[in-house]
$ cat upload_16.txt   # compact mmCIF, C-alpha atoms
# COMPACT_ATOMS: atom_id res chain seq x y z
CA MET A 22 170.48 149.83 136.07
CA ALA A 23 174.25 149.69 136.21
CA PRO A 24 175.95 150.36 132.85
CA HIS A 25 176.76 147.21 130.95
CA ASP A 26 180.42 146.15 131.04
CA LEU A 27 181.33 145.70 127.37
CA ARG A 28 184.28 143.50 128.36
CA ARG A 29 181.87 140.88 129.67
CA PRO A 30 181.50 138.02 127.19
CA PHE A 31 177.98 138.19 125.73
CA LYS A 32 178.18 135.21 123.38
CA ARG A 33 176.75 132.22 125.22
CA PRO A 34 177.11 128.74 123.76
CA LEU A 35 173.91 127.57 122.12
CA ILE A 36 172.03 124.95 124.13
CA SER A 37 169.26 124.25 121.62
CA ASP A 38 168.19 124.49 117.98
CA GLN A 39 165.89 127.43 118.77
CA GLU A 40 167.57 129.74 116.24
CA LYS A 41 167.32 127.12 113.49
CA ARG A 42 163.62 126.67 114.20
CA ARG A 43 163.12 130.44 114.09
CA GLN A 44 164.53 130.55 110.57
CA GLN A 45 162.40 127.58 109.53
CA SER A 46 159.28 129.20 110.96
CA LEU A 47 159.87 132.42 109.00
CA LEU A 48 160.38 130.43 105.82
CA ARG A 49 157.31 128.30 106.45
CA GLN A 50 155.00 131.27 107.00
CA ALA A 51 156.16 132.78 103.73
CA GLN A 52 155.53 129.56 101.83
CA ASN A 53 152.27 128.39 103.41
CA ARG A 54 149.74 131.20 103.56
CA ARG A 55 146.43 129.78 104.76
CA ASP A 56 142.92 131.17 104.51
CA ALA A 57 143.23 133.45 107.54
CA GLN A 58 140.02 135.38 106.84
CA ASN A 59 137.88 132.23 107.09
CA HIS A 60 139.70 131.11 110.23
CA ALA A 61 139.13 134.49 111.94
CA ARG A 62 135.42 134.40 111.05
CA PHE A 63 135.13 130.85 112.37
CA LEU A 64 136.89 131.70 115.63
CA ALA A 65 134.65 134.70 116.23
CA SER A 66 131.44 132.73 115.65
CA THR A 67 132.67 129.86 117.82
CA ALA A 68 133.69 132.11 120.71
CA LEU A 69 130.24 133.67 120.70
CA SER A 70 128.21 130.51 120.05
CA LEU A 71 129.95 128.08 122.37
CA GLU A 72 127.85 127.84 125.52
CA GLN A 73 129.52 127.96 128.90
CA PRO A 74 130.84 124.37 129.29
CA HIS A 75 129.39 123.17 132.59
CA GLU A 76 131.74 120.22 132.76
CA LEU A 77 134.90 122.20 132.17
CA GLU A 78 137.29 121.78 135.04
CA PRO A 79 138.42 125.12 136.47
CA GLU A 80 141.62 126.51 135.03
CA PRO A 81 144.44 125.62 137.42
CA GLU A 82 146.06 128.37 139.43
CA LEU A 83 149.51 128.18 137.86
CA HIS A 84 152.05 130.95 137.96
CA ASP A 85 153.11 130.09 134.44
CA GLU A 86 149.51 130.10 133.18
CA LEU A 87 150.29 132.52 130.36
CA ILE A 88 152.58 129.97 128.78
CA PRO A 89 150.87 126.95 127.27
CA ASP A 90 151.87 123.40 127.89
CA SER A 91 151.21 122.27 124.34
CA GLU A 92 152.55 122.93 120.91
CA ALA A 93 149.73 123.08 118.42
CA PRO A 94 149.92 122.20 114.75
CA GLU A 95 150.03 125.17 112.39
CA SER A 96 146.51 124.60 111.14
CA PRO A 97 144.11 123.99 114.06
CA LYS A 98 141.45 121.32 113.78
CA GLU A 99 138.55 122.86 111.89
CA LEU A 100 135.25 122.21 113.66
CA ASP A 101 131.93 123.76 112.83
CA VAL A 102 130.11 125.68 115.55
CA VAL A 103 127.83 122.75 116.40
CA GLU A 104 130.82 120.43 116.93
CA ALA A 105 132.76 123.04 118.89
CA SER A 106 129.79 123.65 121.20
CA LYS A 107 130.05 120.03 122.35
CA LEU A 108 133.67 120.29 123.44
CA LYS A 109 134.22 119.83 127.17
CA GLY A 110 137.05 119.26 129.60
CA ALA A 111 140.46 118.52 128.09
CA GLU A 112 139.19 118.73 124.51
CA ALA A 113 137.89 122.27 125.02
CA ARG A 114 141.13 123.31 126.73
CA LYS A 115 143.24 121.92 123.91
CA TRP A 116 141.08 123.52 121.21
CA PHE A 117 141.17 127.00 122.71
CA ALA A 118 144.87 126.69 123.57
CA LYS A 119 145.49 126.23 119.85
CA GLN A 120 143.78 129.49 118.93
CA LEU A 121 146.24 131.74 120.79
CA MET A 122 149.81 132.41 119.73
CA HIS A 123 152.11 131.38 122.57
CA PRO A 124 155.79 132.23 123.00
CA GLU A 125 158.58 129.79 123.58
CA TRP A 126 160.87 130.40 126.53
CA MET A 127 164.06 132.19 125.53
CA ILE A 128 166.90 129.74 126.02
CA ASP A 129 169.23 131.18 123.35
CA ILE A 130 169.59 134.83 122.37
CA PRO A 131 168.19 135.39 118.86
CA GLU A 132 170.44 136.63 116.11
CA ASN A 133 169.79 140.28 115.16
CA LEU A 134 167.92 140.85 118.41
CA SER A 135 168.30 144.63 118.21
CA GLN A 136 167.21 144.89 114.55
CA ASP A 137 164.46 142.27 114.13
CA TRP A 138 162.66 142.15 117.49
CA PHE A 139 160.24 144.12 119.64
CA VAL A 140 160.18 143.85 123.43
CA PHE A 141 157.61 144.77 126.08
CA ALA A 142 156.89 144.04 129.73
CA ARG A 143 154.27 141.31 129.96
CA PRO A 144 151.33 142.05 132.30
CA SER A 145 150.56 139.48 134.96
CA GLY A 146 147.06 138.05 134.66
CA LYS A 147 144.75 135.80 132.66
CA ARG A 148 145.50 135.30 128.98
CA CYS A 149 142.35 135.37 126.86
CA PHE A 150 140.73 136.14 123.53
CA VAL A 151 138.29 139.07 123.50
CA VAL A 152 135.67 138.92 120.73
CA SER A 153 133.22 141.75 119.99
CA CYS A 154 130.32 141.03 117.65
CA ASN A 155 126.52 141.39 117.40
CA GLY A 156 126.29 143.93 120.20
CA THR A 157 128.19 142.01 122.86
CA THR A 158 131.76 141.33 123.98
CA ILE A 159 132.99 138.00 125.31
CA SER A 160 136.38 137.09 126.76
CA ARG A 161 137.37 133.42 126.82
CA LEU A 162 140.24 131.84 128.69
CA ARG A 163 142.47 129.34 126.97
CA ASN A 164 140.50 126.49 128.56
CA GLY A 165 137.36 127.61 126.73
CA SER A 166 135.46 128.98 129.70
CA ILE A 167 133.94 132.45 129.63
CA LEU A 168 135.82 134.98 131.73
CA HIS A 169 133.43 137.90 131.13
CA ARG A 170 130.42 138.71 128.96
CA PHE A 171 130.01 142.48 128.86
CA PRO A 172 129.31 145.61 126.78
CA SER A 173 132.33 147.47 125.44
CA GLU A 174 133.32 150.31 123.14
CA LEU A 175 134.97 147.84 120.78
CA PRO A 176 133.33 147.67 117.33
CA ASN A 177 129.87 146.07 117.70
CA GLY A 178 130.72 145.37 121.32
CA ALA A 179 127.54 146.81 122.85
CA ARG A 180 123.86 147.12 121.93
CA ARG A 181 123.37 150.82 121.30
CA LYS A 182 121.48 152.90 118.76
CA ASP A 183 124.49 154.82 117.49
CA SER A 184 126.58 151.73 116.68
CA SER A 185 128.46 152.13 113.42
CA GLY A 186 129.56 149.54 110.88
CA PRO A 187 127.94 146.29 109.70
CA ALA A 188 126.20 144.39 112.51
CA GLN A 189 127.90 141.15 111.51
CA SER A 190 131.46 142.52 111.63
CA TYR A 191 133.66 141.29 114.45
CA SER A 192 136.96 142.07 116.15
CA ILE A 193 139.30 139.71 118.00
CA LEU A 194 141.95 140.91 120.45
CA ASP A 195 144.63 138.92 122.25
CA CYS A 196 144.60 140.22 125.82
CA ILE A 197 145.73 139.70 129.39
CA PHE A 198 143.15 140.55 132.04
CA HIS A 199 144.85 142.26 134.99
CA GLU A 200 142.80 141.64 138.11
CA VAL A 201 144.28 144.45 140.21
CA ASP A 202 142.96 147.29 138.05
CA GLN A 203 140.25 145.30 136.21
CA THR A 204 141.82 146.17 132.87
CA TYR A 205 142.27 144.24 129.64
CA TYR A 206 145.82 144.85 128.42
CA VAL A 207 145.91 144.24 124.67
CA ILE A 208 149.09 142.50 123.54
CA ASP A 209 148.05 141.72 119.95
CA MET A 210 145.28 142.22 117.41
CA VAL A 211 144.01 139.23 115.42
CA CYS A 212 141.05 140.76 113.58
CA TRP A 213 139.55 144.25 113.29
CA ARG A 214 136.06 144.97 111.96
CA GLY A 215 136.14 141.70 110.02
CA TYR A 216 139.61 142.31 108.54
CA SER A 217 141.94 139.44 109.42
CA LEU A 218 145.46 140.24 110.63
CA TYR A 219 146.66 136.64 110.93
CA ASP A 220 148.97 136.91 107.95
CA CYS A 221 150.23 140.41 108.76
CA ALA A 222 153.68 140.90 110.28
CA ALA A 223 153.88 141.86 113.96
CA GLU A 224 155.24 145.28 112.96
CA PHE A 225 152.01 146.03 111.07
CA ARG A 226 149.74 144.46 113.71
CA PHE A 227 151.21 146.66 116.46
CA PHE A 228 150.89 149.77 114.25
CA TRP A 229 147.27 148.90 113.45
CA LEU A 230 146.50 148.19 117.09
CA ASN A 231 147.91 151.51 118.26
CA SER A 232 146.13 153.50 115.57
CA LYS A 233 142.71 151.82 115.80
CA LEU A 234 142.04 150.93 119.43
CA ALA A 235 142.17 154.47 120.82
CA GLU A 236 139.70 155.68 118.15
CA THR A 237 136.93 153.50 119.60
CA GLY A 238 136.94 154.86 123.14
CA ALA A 239 137.81 151.39 124.49
CA CYS A 240 140.75 152.90 126.39
CA GLU A 241 138.43 155.24 128.31
CA PRO A 242 137.28 154.55 131.91
CA PRO A 243 134.31 152.19 132.40
CA SER A 244 130.81 153.45 131.67
CA HIS A 245 127.29 152.14 131.03
CA TYR A 246 128.19 150.79 127.59
CA HIS A 247 131.76 149.98 128.49
CA LYS A 248 132.21 147.79 131.57
CA TYR A 249 135.98 147.17 131.42
CA ARG A 250 138.79 149.42 130.34
CA PHE A 251 141.22 148.33 127.62
CA SER A 252 144.80 149.53 127.56
CA LEU A 253 147.77 149.31 125.23
CA VAL A 254 151.09 147.88 126.36
CA PRO A 255 154.19 149.98 125.60
CA VAL A 256 156.13 148.18 122.85
CA TYR A 257 159.78 149.02 122.12
CA CYS A 258 162.34 148.18 119.49
CA CYS A 259 164.79 145.84 121.18
CA ASP A 260 167.83 148.12 121.11
CA GLN A 261 169.61 149.13 124.32
CA SER A 262 167.20 151.93 125.22
CA GLY A 263 164.11 149.86 124.39
CA LEU A 264 165.30 146.83 126.33
CA CYS A 265 166.13 148.98 129.38
CA ALA A 266 162.75 150.74 129.17
CA ALA A 267 160.86 147.45 129.08
CA TYR A 268 162.98 145.96 131.88
CA THR A 269 163.11 148.88 134.33
CA GLY A 270 160.41 151.28 133.11
CA SER A 271 157.34 152.02 135.19
CA VAL A 272 154.05 150.48 134.03
CA PRO A 273 150.55 150.54 135.59
CA TYR A 274 150.42 146.76 135.90
CA VAL A 275 152.35 144.00 137.67
CA LYS A 276 155.10 142.69 135.38
CA ASP A 277 155.53 139.02 134.65
CA GLY A 278 158.69 138.93 132.55
CA LEU A 279 159.49 140.33 129.11
CA LEU A 280 157.93 139.31 125.80
CA PHE A 281 159.93 139.45 122.58
CA TYR A 282 158.19 139.45 119.16
CA ASN A 283 159.96 139.03 115.85
CA LYS A 284 158.94 142.00 113.69
CA HIS A 285 158.29 139.76 110.68
CA ALA A 286 156.26 137.08 112.47
CA HIS A 287 152.66 136.41 111.48
CA TYR A 288 150.07 135.52 114.13
CA GLN A 289 150.73 131.78 114.33
CA THR A 290 148.40 129.66 116.43
CA GLY A 291 150.13 127.49 119.02
CA ILE A 292 153.70 127.80 120.22
CA THR A 293 156.14 129.67 118.01
CA PRO A 294 159.89 130.44 118.32
CA LEU A 295 159.14 133.84 116.73
CA ALA A 296 157.74 135.00 120.08
CA LEU A 297 159.78 134.51 123.25
CA VAL A 298 159.31 135.04 126.97
CA TRP A 299 162.15 135.73 129.38
CA LYS A 300 162.13 136.60 133.07
CA ASP A 301 164.31 137.09 136.10
CA GLU A 302 163.67 138.01 139.72
CA ASN A 303 163.66 141.75 138.94
CA CYS A 304 160.80 141.67 136.44
CA SER A 305 158.72 138.73 137.65
CA GLN A 306 157.53 137.44 140.99
CA TYR A 307 157.69 133.88 139.72
CA VAL A 308 160.84 132.95 137.84
CA MET A 309 160.95 129.31 138.84
CA ASP A 310 157.90 127.05 138.79
CA THR A 311 156.20 126.54 142.13
CA ASP A 312 154.29 123.59 143.53
CA SER A 313 150.62 123.52 144.59
CA LYS A 314 151.58 125.30 147.84
CA GLY A 315 153.33 128.13 146.02
CA GLN A 316 156.79 126.92 147.05
CA VAL A 317 159.76 126.36 144.76
CA PRO A 318 160.60 122.63 145.01
CA ASN A 319 164.17 121.57 145.77
CA GLN A 320 164.33 119.71 142.47
CA GLN A 321 162.99 120.93 139.15
CA GLN A 322 159.77 119.19 138.16
CA VAL A 323 158.66 118.44 134.61
CA VAL A 324 155.44 117.07 133.12
CA LEU A 325 155.85 114.67 130.20
CA GLU A 326 153.38 112.73 128.08
CA LEU A 327 153.56 108.96 128.05
CA GLN A 328 153.40 107.77 124.45
CA GLU A 329 153.48 104.42 122.65
CA GLY A 330 156.35 102.18 123.67
CA GLY A 331 156.68 103.93 127.05
CA LYS A 332 158.35 107.04 125.58
CA LEU A 333 158.25 110.15 127.76
CA CYS A 334 157.83 113.16 125.51
CA THR A 335 157.42 116.93 125.53
CA SER A 336 154.54 118.68 123.76
CA ASP A 337 156.74 119.86 120.90
CA ASP A 338 156.19 118.90 117.27
CA PRO A 339 158.15 116.75 116.79
CA PRO A 340 158.30 115.80 120.49
CA VAL A 341 161.55 115.59 122.41
CA VAL A 342 161.99 112.21 124.11
CA PHE A 343 163.27 112.44 127.70
CA GLY A 344 163.29 108.73 128.52
CA CYS A 345 161.30 105.52 128.45
CA LEU A 346 159.28 103.52 130.99
CA ASP A 347 159.16 99.73 130.94
CA GLY A 348 155.87 97.91 130.64
CA GLY A 349 156.02 96.43 134.13
CA PHE A 350 156.34 99.81 135.81
CA MET A 351 153.55 101.24 133.64
CA HIS A 352 151.21 98.40 134.60
CA GLU A 353 152.09 98.65 138.30
CA SER A 354 151.55 102.43 138.31
CA GLU A 355 148.37 102.21 136.20
CA LEU A 356 149.85 104.35 133.46
CA HIS A 357 148.84 104.20 129.82
CA SER A 358 149.57 105.98 126.56
CA GLY A 359 148.35 109.57 126.72
CA CYS A 360 148.89 109.97 130.46
CA LEU A 361 150.63 113.12 131.70
CA VAL A 362 153.29 112.16 134.22
CA ARG A 363 155.27 114.33 136.63
CA PHE A 364 158.99 113.78 137.27
CA ALA A 365 161.74 115.47 139.24
CA ILE A 366 165.11 116.03 137.60
CA GLY A 367 167.72 114.27 139.72
CA GLU A 368 171.37 115.05 140.41
CA GLY A 369 172.37 113.66 137.02
CA GLY A 370 170.53 116.58 135.42
CA LEU A 371 170.12 116.97 131.67
CA VAL A 372 172.94 116.01 129.31
CA LEU A 373 172.99 117.95 126.03
CA VAL A 374 175.14 117.29 122.98
CA ASP A 375 175.15 119.89 120.18
CA GLY A 376 171.89 121.34 121.49
CA LYS A 377 170.14 117.96 121.53
CA LEU A 378 169.03 116.13 124.68
CA GLU A 379 171.22 113.06 125.17
CA LYS A 380 170.10 111.90 128.61
CA ALA A 381 167.85 112.98 131.48
CA ASP A 382 167.91 111.85 135.13
CA LEU A 383 164.20 111.51 135.89
CA ASN A 384 162.61 110.51 139.20
CA TYR A 385 158.95 109.46 139.02
CA LEU A 386 156.56 111.53 141.18
CA GLY A 387 153.15 110.48 139.91
CA LYS A 388 150.42 111.49 137.52
CA ALA A 389 150.04 115.18 136.70
CA ASN A 390 147.06 117.25 137.81
CA ARG A 391 143.95 116.29 135.84
CA ALA A 392 143.42 119.93 134.87
CA ARG A 393 146.61 119.86 132.83
CA ALA A 394 145.93 119.85 129.10
CA SER A 395 149.34 118.65 127.93
CA ALA A 396 153.02 118.21 128.69
CA ASP A 397 155.73 120.85 129.12
CA SER A 398 157.51 122.14 126.04
CA PHE A 399 161.23 121.59 125.64
CA SER A 400 161.96 125.33 125.81
CA LYS A 401 160.14 125.61 129.14
CA VAL A 402 162.05 122.68 130.62
CA MET A 403 165.36 124.11 129.41
CA PHE A 404 164.58 127.63 130.65
CA GLN A 405 163.74 126.32 134.11
CA TYR A 406 166.87 124.16 134.07
CA SER A 407 169.02 127.12 133.02
CA VAL A 408 167.57 129.31 135.78
CA ARG A 409 168.82 126.79 138.34
CA HIS A 410 172.25 126.23 136.79
CA SER A 411 173.33 128.94 134.32
CA PRO A 412 170.62 131.58 133.84
CA LEU A 413 170.37 133.83 130.83
CA ARG A 414 170.76 137.26 132.45
CA ILE A 415 169.78 140.78 131.45
CA ASP A 416 173.49 141.55 130.99
CA ASP A 417 173.66 138.83 128.35
CA LEU A 418 170.76 140.43 126.47
CA LEU A 419 172.25 143.91 126.79
CA GLY A 420 175.62 142.57 125.67
CA SER A 421 174.00 141.17 122.55
CA VAL A 422 172.28 144.42 121.53
CA ASN A 423 175.33 146.50 122.43
CA SER A 424 177.54 144.29 120.30
CA ALA A 425 175.17 144.65 117.36
CA ALA A 426 175.30 148.44 117.75
CA ASP A 427 179.12 148.36 117.86
CA GLU A 428 179.26 146.26 114.69
CA SER A 429 176.88 148.66 112.96
CA ASN A 430 179.04 151.64 113.98
CA LYS A 431 182.16 149.89 112.68
CA VAL A 432 180.51 149.35 109.30
CA CYS A 433 179.52 153.02 109.17
CA ASP A 434 183.05 154.09 110.08
CA ILE A 435 184.51 151.93 107.30
CA GLU A 436 182.09 153.37 104.76
CA MET A 437 182.92 156.92 105.87
CA ASP A 438 186.67 156.23 105.66
CA GLY A 439 186.25 154.97 102.10
$ encode --input "upload_16.txt" --output "structure tokens"
Amino acid sequence: MAPHDLRRPFKRPLISDQEKRRQQSLLRQAQNRRDAQNHARFLASTALSLEQPHELEPEPELHDELIPDSEAPESPKELDVVEASKLKGAEARKWFAKQLMHPEWMIDIPENLSQDWFVFARPSGKRCFVVSCNGTTISRLRNGSILHRFPSELPNGARRKDSSGPAQSYSILDCIFHEVDQTYYVIDMVCWRGYSLYDCAAEFRFFWLNSKLAETGACEPPSHYHKYRFSLVPVYCCDQSGLCAAYTGSVPYVKDGLLFYNKHAHYQTGITPLALVWKDENCSQYVMDTDSKGQVPNQQQVVLELQEGGKLCTSDDPPVVFGCLDGGFMHESELHSGCLVRFAIGEGGLVLVDGKLEKADLNYLGKANRARASADSFSKVMFQYSVRHSPLRIDDLLGSVNSAADESNKVCDIEMDG
């Protein structure tokens, strides 16, 4: 990578309230600590008890499949196992989508990026929960369907005589299954041997993950009691060397962008601004969304939810309103509240004022694919829009961390002079 030119302006004008929401999210997690242990136990039992939903539509082949289309409430809907076992189709997809922590798209560079954030290269593949309990291991996609049921070296992950620990204990890992090498790459740890990590900071979760996973033998090659290999993802502090290592470093998997985690962030279900995804053409095969044929459309396409009064909204909470349809058009097009509708962004583009959407030039394309669970988030729409018009580049990120290092050195120099 060419050395960063420090004369290049790194401070981009803010185009959203992403930083404000990050601060609010940190404050909220400190004030509202929920019963994470009970939630982890419930998720484990549900993942194991929920039968394969025969009526689930197959998960769509989307190149942005690791990023959800919905923003879930902080506390997911609590169902008992019997109720959860009856979920099918869109309901099952929405429920399981709420159990994973999903990043927003990075549209503004976070403050204190070099001090408060980790970065790692995201593996390309299928995002899933892996639950080991009662002598078996199950991986479930975000749409609720079973990806694999298999024996593993995870705690209580296989039926064997020398198993250690209570039979009822369970572990839950947040993984990406990489088809090429048939490996589960672990990007986070939610629960370990019955101990919940929901309310632990990312810094502790990554430390715990690195110290515990290798002890089990789960990172060893496949064997009779261990069908799939698990592997850790190299995680770096987001200073200049760490960012360069994640961006250009060699990894055994296909990269699909960079993931940034705030060191202080708890494992929050749904979309959170304390985890961010960023990509360009050098670290991802798919930077811009593609259509069903795998081609990048001439105009950016967005999926919005039609709500009461004809409002066209994102999946955010609260939703961002992109426009409004009149009743006559809705009736003629057989649209109703709750429909997911696809639009192309016209030449008028998106007009933003002080980081807020003022106006959007939308051209109606039709109803979205039935397999879609929900609308696009505002951060996804804005990232895709920025890629086409004024992309956030690796030089901007490097400029931010370099500037922070320069400021830190200046402070040290002043203290030494005194």
$ atom_distance --input "upload_16.txt" --atom1 "atom CA of A:Phe228" --atom2 "atom CA of A:Pro242"
22.8 Å
$ residues_near_point --input "upload_16.txt" --point "(153.7, 103.6, 122.0)" --cutoff "12 Å" --atoms "all atoms listed in the file" --output "PyMOL selection string"
chain A and resi 326-334+345-348+351+357-360
$ residues_around --input "upload_16.txt" --residues "A:Phe404" --least-positions-apart "5" --cutoff "8 Å" --atoms "only C-alpha atoms" --output "PyMOL selection string"
chain A and resi 126-128+412
$ atom_distance --input "upload_16.txt" --atom1 "atom CA of A:Glu241" --atom2 "atom CA of A:Arg161"
21.9 Å
$ atom_distance --input "upload_16.txt" --atom1 "atom CA of A:Asn164" --atom2 "atom CA of A:Ala392"
9.6 Å
$ residues_around --input "upload_16.txt" --residues "A:Leu253" --least-positions-apart "3" --cutoff "8 Å" --atoms "all atoms listed in the file" --output "NGL selection string"
:A and (206-208 or 231 or 240)
$ write_last_selection --input "upload_16.txt" --atoms "C-alpha atoms" --output "CSV table (one decimal), in the coordinates of the input"
chain,number,residue,atom,x,y,z
A,206,TYR,CA,145.8,144.8,128.4
A,207,VAL,CA,145.9,144.2,124.7
A,208,ILE,CA,149.1,142.5,123.5
A,231,ASN,CA,147.9,151.5,118.3
A,240,CYS,CA,140.8,152.9,126.4
$ residues_near_point --input "upload_16.txt" --point "(138.5, 134.5, 129.0)" --cutoff "9 Å" --atoms "only C-alpha atoms" --output "list in words"
Lys147, Arg148, Cys149, Phe150, Val151, Ile159, Ser160, Arg161, Leu162, Arg163, Asn164, Gly165, Ser166, Ile167, Leu168, His169, Cys196, Ile197 and Phe198 of chain A
$ write_last_selection --input "upload_16.txt" --atoms "C-alpha atoms" --output "short mmCIF file (atom, residue, chain, number, x, y, z; two decimals), keeping the file's coordinate frame"
data_model
loop_
_atom_site.label_atom_id
_atom_site.label_comp_id
_atom_site.auth_asym_id
_atom_site.auth_seq_id
_atom_site.Cartn_x
_atom_site.Cartn_y
_atom_site.Cartn_z
CA LYS A 147 144.75 135.80 132.66
CA ARG A 148 145.50 135.30 128.98
CA CYS A 149 142.35 135.37 126.86
CA PHE A 150 140.73 136.14 123.53
CA VAL A 151 138.29 139.07 123.50
CA ILE A 159 132.99 138.00 125.31
CA SER A 160 136.38 137.09 126.76
CA ARG A 161 137.37 133.42 126.82
CA LEU A 162 140.24 131.84 128.69
CA ARG A 163 142.47 129.34 126.97
CA ASN A 164 140.50 126.49 128.56
CA GLY A 165 137.36 127.61 126.73
CA SER A 166 135.46 128.98 129.70
CA ILE A 167 133.94 132.45 129.63
CA LEU A 168 135.82 134.98 131.73
CA HIS A 169 133.43 137.90 131.13
CA CYS A 196 144.60 140.22 125.82
CA ILE A 197 145.73 139.70 129.39
CA PHE A 198 143.15 140.55 132.04
#
$ closest_residue --input "upload_16.txt" --among "A:Asp338, A:Glu368, A:Glu353, A:Asp277" --to "A:Asn303" --atoms "all atoms listed in the file"
A:Asp277
